[in-house]
Amino acid sequence: MIQFRPHHFMCTLGFVGKGYSESFVQNFSLIADQLRNSPDGDHTPILVTSTTDSICAPCPNRNGESCTTETKIKKLDDAHAEILKLKTGMQLTWGEAKKRIQQSMTDEKFSDACSPCAWKSLGVCQNALTELRKKT
């Protein structure tokens, strides 16, 4: 089963093949492709975790079950968990997660929740959020 920290739901929506290392990008690409492009992607179960997850596995910033930038990551996780109403141990499908993002993640909430993220300035997550909303 795929495991996600709360902020990785939004990251997966906007992922475009950039990352911290080649192995990180390869791993994240496989996960994102499975969820976003496979016929059963929306039905894939995801377990919410408060520690390193399936995306973090090969990350060079991983430090056991936490991150070398854990303070920043916890802030991202807490904000996303509140907006998307996620709790550690909760299980939902990728389709359900997208519905939560679509219904709950406003531009203002996105701006606030993702403010600590170094990738935010690329605009890919904002674009993905805009595209997701068009599907309503």
# chains A, B, ... in the order shown; residues from 1 in each chain; ligands from 1
call {"tool": "select_by_dssp", "arguments": {"residues": "chain A", "states": "alpha helix (DSSP H)", "output": "tab-separated table (two decimals) with C-alpha atoms, in the first residue's frame"}}
result
chain	number	residue	atom	x	y	z
A	8	HIS	CA	2.36	14.67	-0.57
A	9	PHE	CA	-1.21	14.51	-1.86
A	10	MET	CA	-0.82	18.01	-3.28
A	11	CYS	CA	2.77	17.31	-4.37
A	12	THR	CA	1.62	14.28	-6.34
A	13	LEU	CA	-1.06	16.28	-8.06
A	14	GLY	CA	1.58	18.74	-9.30
A	22	GLU	CA	17.74	10.92	-9.68
A	23	SER	CA	16.53	8.02	-7.53
A	24	PHE	CA	13.98	10.28	-5.81
A	25	VAL	CA	12.62	11.46	-9.18
A	26	GLN	CA	12.43	7.88	-10.52
A	27	ASN	CA	10.55	6.68	-7.44
A	28	PHE	CA	8.15	9.63	-7.38
A	29	SER	CA	7.57	9.27	-11.14
A	30	LEU	CA	6.51	5.64	-10.67
A	31	ILE	CA	4.11	6.56	-7.87
A	32	ALA	CA	2.66	9.58	-9.69
A	33	ASP	CA	2.26	7.61	-12.91
A	34	GLN	CA	0.48	4.78	-11.09
A	35	LEU	CA	-1.97	7.20	-9.49
A	36	ARG	CA	-2.49	9.69	-12.28
A	37	ASN	CA	-2.23	7.59	-15.45
A	70	GLU	CA	11.43	17.98	9.58
A	71	THR	CA	10.34	21.32	11.09
A	72	LYS	CA	9.42	22.64	7.63
A	73	ILE	CA	7.88	19.31	6.58
A	74	LYS	CA	5.75	19.12	9.75
A	75	LYS	CA	4.44	22.62	9.04
A	76	LEU	CA	3.49	21.53	5.50
A	77	ASP	CA	1.90	18.32	6.80
A	78	ASP	CA	-0.09	20.05	9.53
A	79	ALA	CA	-1.48	22.65	7.13
A	80	HIS	CA	-2.46	20.08	4.50
A	81	ALA	CA	-3.93	17.69	7.08
A	82	GLU	CA	-6.15	20.48	8.41
A	83	ILE	CA	-7.32	21.64	4.97
A	84	LEU	CA	-7.92	18.14	3.61
A	94	TRP	CA	-6.35	8.68	-4.80
A	95	GLY	CA	-9.75	9.56	-6.27
A	96	GLU	CA	-11.08	10.51	-2.82
A	97	ALA	CA	-7.94	12.56	-2.15
A	98	LYS	CA	-8.37	14.48	-5.41
A	99	LYS	CA	-11.99	15.18	-4.48
A	100	ARG	CA	-10.85	16.58	-1.12
A	101	ILE	CA	-8.25	18.76	-2.83
A	102	GLN	CA	-10.80	19.95	-5.40
A	103	GLN	CA	-13.39	20.82	-2.74
A	104	SER	CA	-11.16	22.19	0.02
A	107	ASP	CA	-5.99	29.46	-3.87
A	108	GLU	CA	-5.61	31.26	-0.55
A	109	LYS	CA	-5.30	28.01	1.43
A	110	PHE	CA	-2.83	26.68	-1.15
A	111	SER	CA	-0.72	29.82	-0.86
A	112	ASP	CA	-0.64	29.61	2.93
A	113	ALA	CA	-0.22	25.83	3.25
A	124	VAL	CA	3.29	23.46	-11.19
A	125	CYS	CA	1.14	22.65	-8.17
A	126	GLN	CA	-0.93	25.81	-8.64
A	127	ASN	CA	-1.44	24.86	-12.30
A	128	ALA	CA	-2.41	21.31	-11.36
A	129	LEU	CA	-4.89	22.65	-8.80
A	130	THR	CA	-6.42	24.94	-11.43
A	131	GLU	CA	-6.73	22.02	-13.87
A	132	LEU	CA	-8.30	19.80	-11.21
A	133	ARG	CA	-10.92	22.45	-10.47
A	134	LYS	CA	-11.84	22.62	-14.18
call {"tool": "residues_around", "arguments": {"residues": "Tyr20 of chain A", "least_positions_apart": "6", "cutoff": "12 Å", "atoms": "only C-alpha atoms", "output": "list in words"}}
result
Gln26, Asn27, Phe28, Ile55, Cys56, Ala57, Pro58, Cys59, Pro60, Asn61, Arg62, Ala118 and Trp119 of chain A
call {"tool": "closest_residue", "arguments": {"among": "A:Met105, A:Leu122, A:Val48, A:Cys67", "to": "Lys87 of chain A", "atoms": "only C-alpha atoms"}}
result
A:Val48
call {"tool": "closest_residue", "arguments": {"among": "A:Glu65, A:Thr49, A:Ser115, A:Ser21", "to": "Gly89 of chain A", "atoms": "only C-alpha atoms"}}
result
A:Thr49
call {"tool": "atom_distance", "arguments": {"atom1": "atom CA of Phe4 of chain A", "atom2": "atom CA of Asn63 of chain A"}}
result
16.3 Å
call {"tool": "residues_around", "arguments": {"residues": "Met1 of chain A", "least_positions_apart": "2", "cutoff": "10 Å", "atoms": "only C-alpha atoms", "output": "MDAnalysis selection string"}}
result
chainID A and resid 3:4 44:47 54 91
call {"tool": "select_by_dssp", "arguments": {"residues": "segment 28-109 of chain A", "states": "strand (DSSP E)", "output": "JSON, numbers by chain"}}
result
{"A": [45, 46, 47, 48, 62, 63, 66, 67, 91, 92, 93]}
call {"tool": "decode", "arguments": {"residues": "chain A", "atoms": "C-alpha atoms", "output": "short mmCIF file (atom, residue, chain, number, x, y, z; two decimals), in the first residue's frame"}}
result
data_model
loop_
_atom_site.label_atom_id
_atom_site.label_comp_id
_atom_site.auth_asym_id
_atom_site.auth_seq_id
_atom_site.Cartn_x
_atom_site.Cartn_y
_atom_site.Cartn_z
CA MET A 1 0.00 0.00 0.00
CA ILE A 2 1.20 3.51 -0.79
CA GLN A 3 1.84 5.72 2.24
CA PHE A 4 1.72 9.54 2.07
CA ARG A 5 2.52 12.31 4.44
CA PRO A 6 -0.37 14.81 4.20
CA HIS A 7 1.45 17.34 1.99
CA HIS A 8 2.36 14.67 -0.57
CA PHE A 9 -1.21 14.51 -1.86
CA MET A 10 -0.82 18.01 -3.28
CA CYS A 11 2.77 17.31 -4.37
CA THR A 12 1.62 14.28 -6.34
CA LEU A 13 -1.06 16.28 -8.06
CA GLY A 14 1.58 18.74 -9.30
CA PHE A 15 4.62 16.49 -9.76
CA VAL A 16 6.46 17.11 -13.05
CA GLY A 17 9.63 15.02 -12.77
CA LYS A 18 11.86 17.27 -10.68
CA GLY A 19 13.31 16.39 -7.31
CA TYR A 20 16.18 16.03 -4.89
CA SER A 21 18.06 13.24 -6.69
CA GLU A 22 17.74 10.92 -9.68
CA SER A 23 16.53 8.02 -7.53
CA PHE A 24 13.98 10.28 -5.81
CA VAL A 25 12.62 11.46 -9.18
CA GLN A 26 12.43 7.88 -10.52
CA ASN A 27 10.55 6.68 -7.44
CA PHE A 28 8.15 9.63 -7.38
CA SER A 29 7.57 9.27 -11.14
CA LEU A 30 6.51 5.64 -10.67
CA ILE A 31 4.11 6.56 -7.87
CA ALA A 32 2.66 9.58 -9.69
CA ASP A 33 2.26 7.61 -12.91
CA GLN A 34 0.48 4.78 -11.09
CA LEU A 35 -1.97 7.20 -9.49
CA ARG A 36 -2.49 9.69 -12.28
CA ASN A 37 -2.23 7.59 -15.45
CA SER A 38 -3.22 3.99 -14.76
CA PRO A 39 -6.85 2.95 -15.29
CA ASP A 40 -7.17 1.96 -11.62
CA GLY A 41 -5.22 4.94 -10.27
CA ASP A 42 -8.20 6.65 -8.67
CA HIS A 43 -8.98 3.43 -6.77
CA THR A 44 -5.47 3.02 -5.35
CA PRO A 45 -5.54 3.04 -1.53
CA ILE A 46 -3.23 5.42 0.30
CA LEU A 47 -2.44 5.32 4.00
CA VAL A 48 -1.82 8.69 5.70
CA THR A 49 1.34 8.70 7.82
CA SER A 50 3.18 11.27 9.94
CA THR A 51 6.61 9.84 9.17
CA THR A 52 8.57 9.23 5.98
CA ASP A 53 6.44 7.64 3.31
CA SER A 54 6.57 5.92 -0.08
CA ILE A 55 7.75 9.10 -1.80
CA CYS A 56 10.45 9.76 0.81
CA ALA A 57 12.01 6.29 0.52
CA PRO A 58 15.02 7.27 -1.68
CA CYS A 59 15.15 10.97 -0.71
CA PRO A 60 18.64 12.20 0.23
CA ASN A 61 17.00 14.32 2.99
CA ARG A 62 15.55 11.24 4.67
CA ASN A 63 16.83 10.62 8.17
CA GLY A 64 15.26 7.35 9.31
CA GLU A 65 11.55 8.02 9.74
CA SER A 66 11.95 11.78 9.54
CA CYS A 67 13.47 14.42 7.31
CA THR A 68 16.53 16.60 7.77
CA THR A 69 14.09 19.50 7.30
CA GLU A 70 11.43 17.98 9.58
CA THR A 71 10.34 21.32 11.09
CA LYS A 72 9.42 22.64 7.63
CA ILE A 73 7.88 19.31 6.58
CA LYS A 74 5.75 19.12 9.75
CA LYS A 75 4.44 22.62 9.04
CA LEU A 76 3.49 21.53 5.50
CA ASP A 77 1.90 18.32 6.80
CA ASP A 78 -0.09 20.05 9.53
CA ALA A 79 -1.48 22.65 7.13
CA HIS A 80 -2.46 20.08 4.50
CA ALA A 81 -3.93 17.69 7.08
CA GLU A 82 -6.15 20.48 8.41
CA ILE A 83 -7.32 21.64 4.97
CA LEU A 84 -7.92 18.14 3.61
CA LYS A 85 -9.20 16.74 6.93
CA LEU A 86 -6.58 14.00 7.07
CA LYS A 87 -5.51 12.06 10.15
CA THR A 88 -2.59 9.69 10.62
CA GLY A 89 -3.74 6.12 10.02
CA MET A 90 -6.58 7.17 7.73
CA GLN A 91 -6.90 5.31 4.46
CA LEU A 92 -8.40 6.84 1.32
CA THR A 93 -8.11 6.35 -2.41
CA TRP A 94 -6.35 8.68 -4.80
CA GLY A 95 -9.75 9.56 -6.27
CA GLU A 96 -11.08 10.51 -2.82
CA ALA A 97 -7.94 12.56 -2.15
CA LYS A 98 -8.37 14.48 -5.41
CA LYS A 99 -11.99 15.18 -4.48
CA ARG A 100 -10.85 16.58 -1.12
CA ILE A 101 -8.25 18.76 -2.83
CA GLN A 102 -10.80 19.95 -5.40
CA GLN A 103 -13.39 20.82 -2.74
CA SER A 104 -11.16 22.19 0.02
CA MET A 105 -7.93 23.64 -1.40
CA THR A 106 -8.68 27.25 -2.34
CA ASP A 107 -5.99 29.46 -3.87
CA GLU A 108 -5.61 31.26 -0.55
CA LYS A 109 -5.30 28.01 1.43
CA PHE A 110 -2.83 26.68 -1.15
CA SER A 111 -0.72 29.82 -0.86
CA ASP A 112 -0.64 29.61 2.93
CA ALA A 113 -0.22 25.83 3.25
CA CYS A 114 2.54 25.62 0.65
CA SER A 115 4.39 28.80 1.65
CA PRO A 116 7.38 26.90 3.15
CA CYS A 117 7.79 24.76 0.01
CA ALA A 118 10.83 25.43 -2.17
CA TRP A 119 8.99 23.99 -5.21
CA LYS A 120 6.03 26.37 -4.94
CA SER A 121 7.70 29.04 -7.08
CA LEU A 122 7.70 26.68 -10.09
CA GLY A 123 3.92 27.09 -10.24
CA VAL A 124 3.29 23.46 -11.19
CA CYS A 125 1.14 22.65 -8.17
CA GLN A 126 -0.93 25.81 -8.64
CA ASN A 127 -1.44 24.86 -12.30
CA ALA A 128 -2.41 21.31 -11.36
CA LEU A 129 -4.89 22.65 -8.80
CA THR A 130 -6.42 24.94 -11.43
CA GLU A 131 -6.73 22.02 -13.87
CA LEU A 132 -8.30 19.80 -11.21
CA ARG A 133 -10.92 22.45 -10.47
CA LYS A 134 -11.84 22.62 -14.18
CA LYS A 135 -12.91 18.97 -13.97
CA THR A 136 -15.76 19.77 -11.59
#
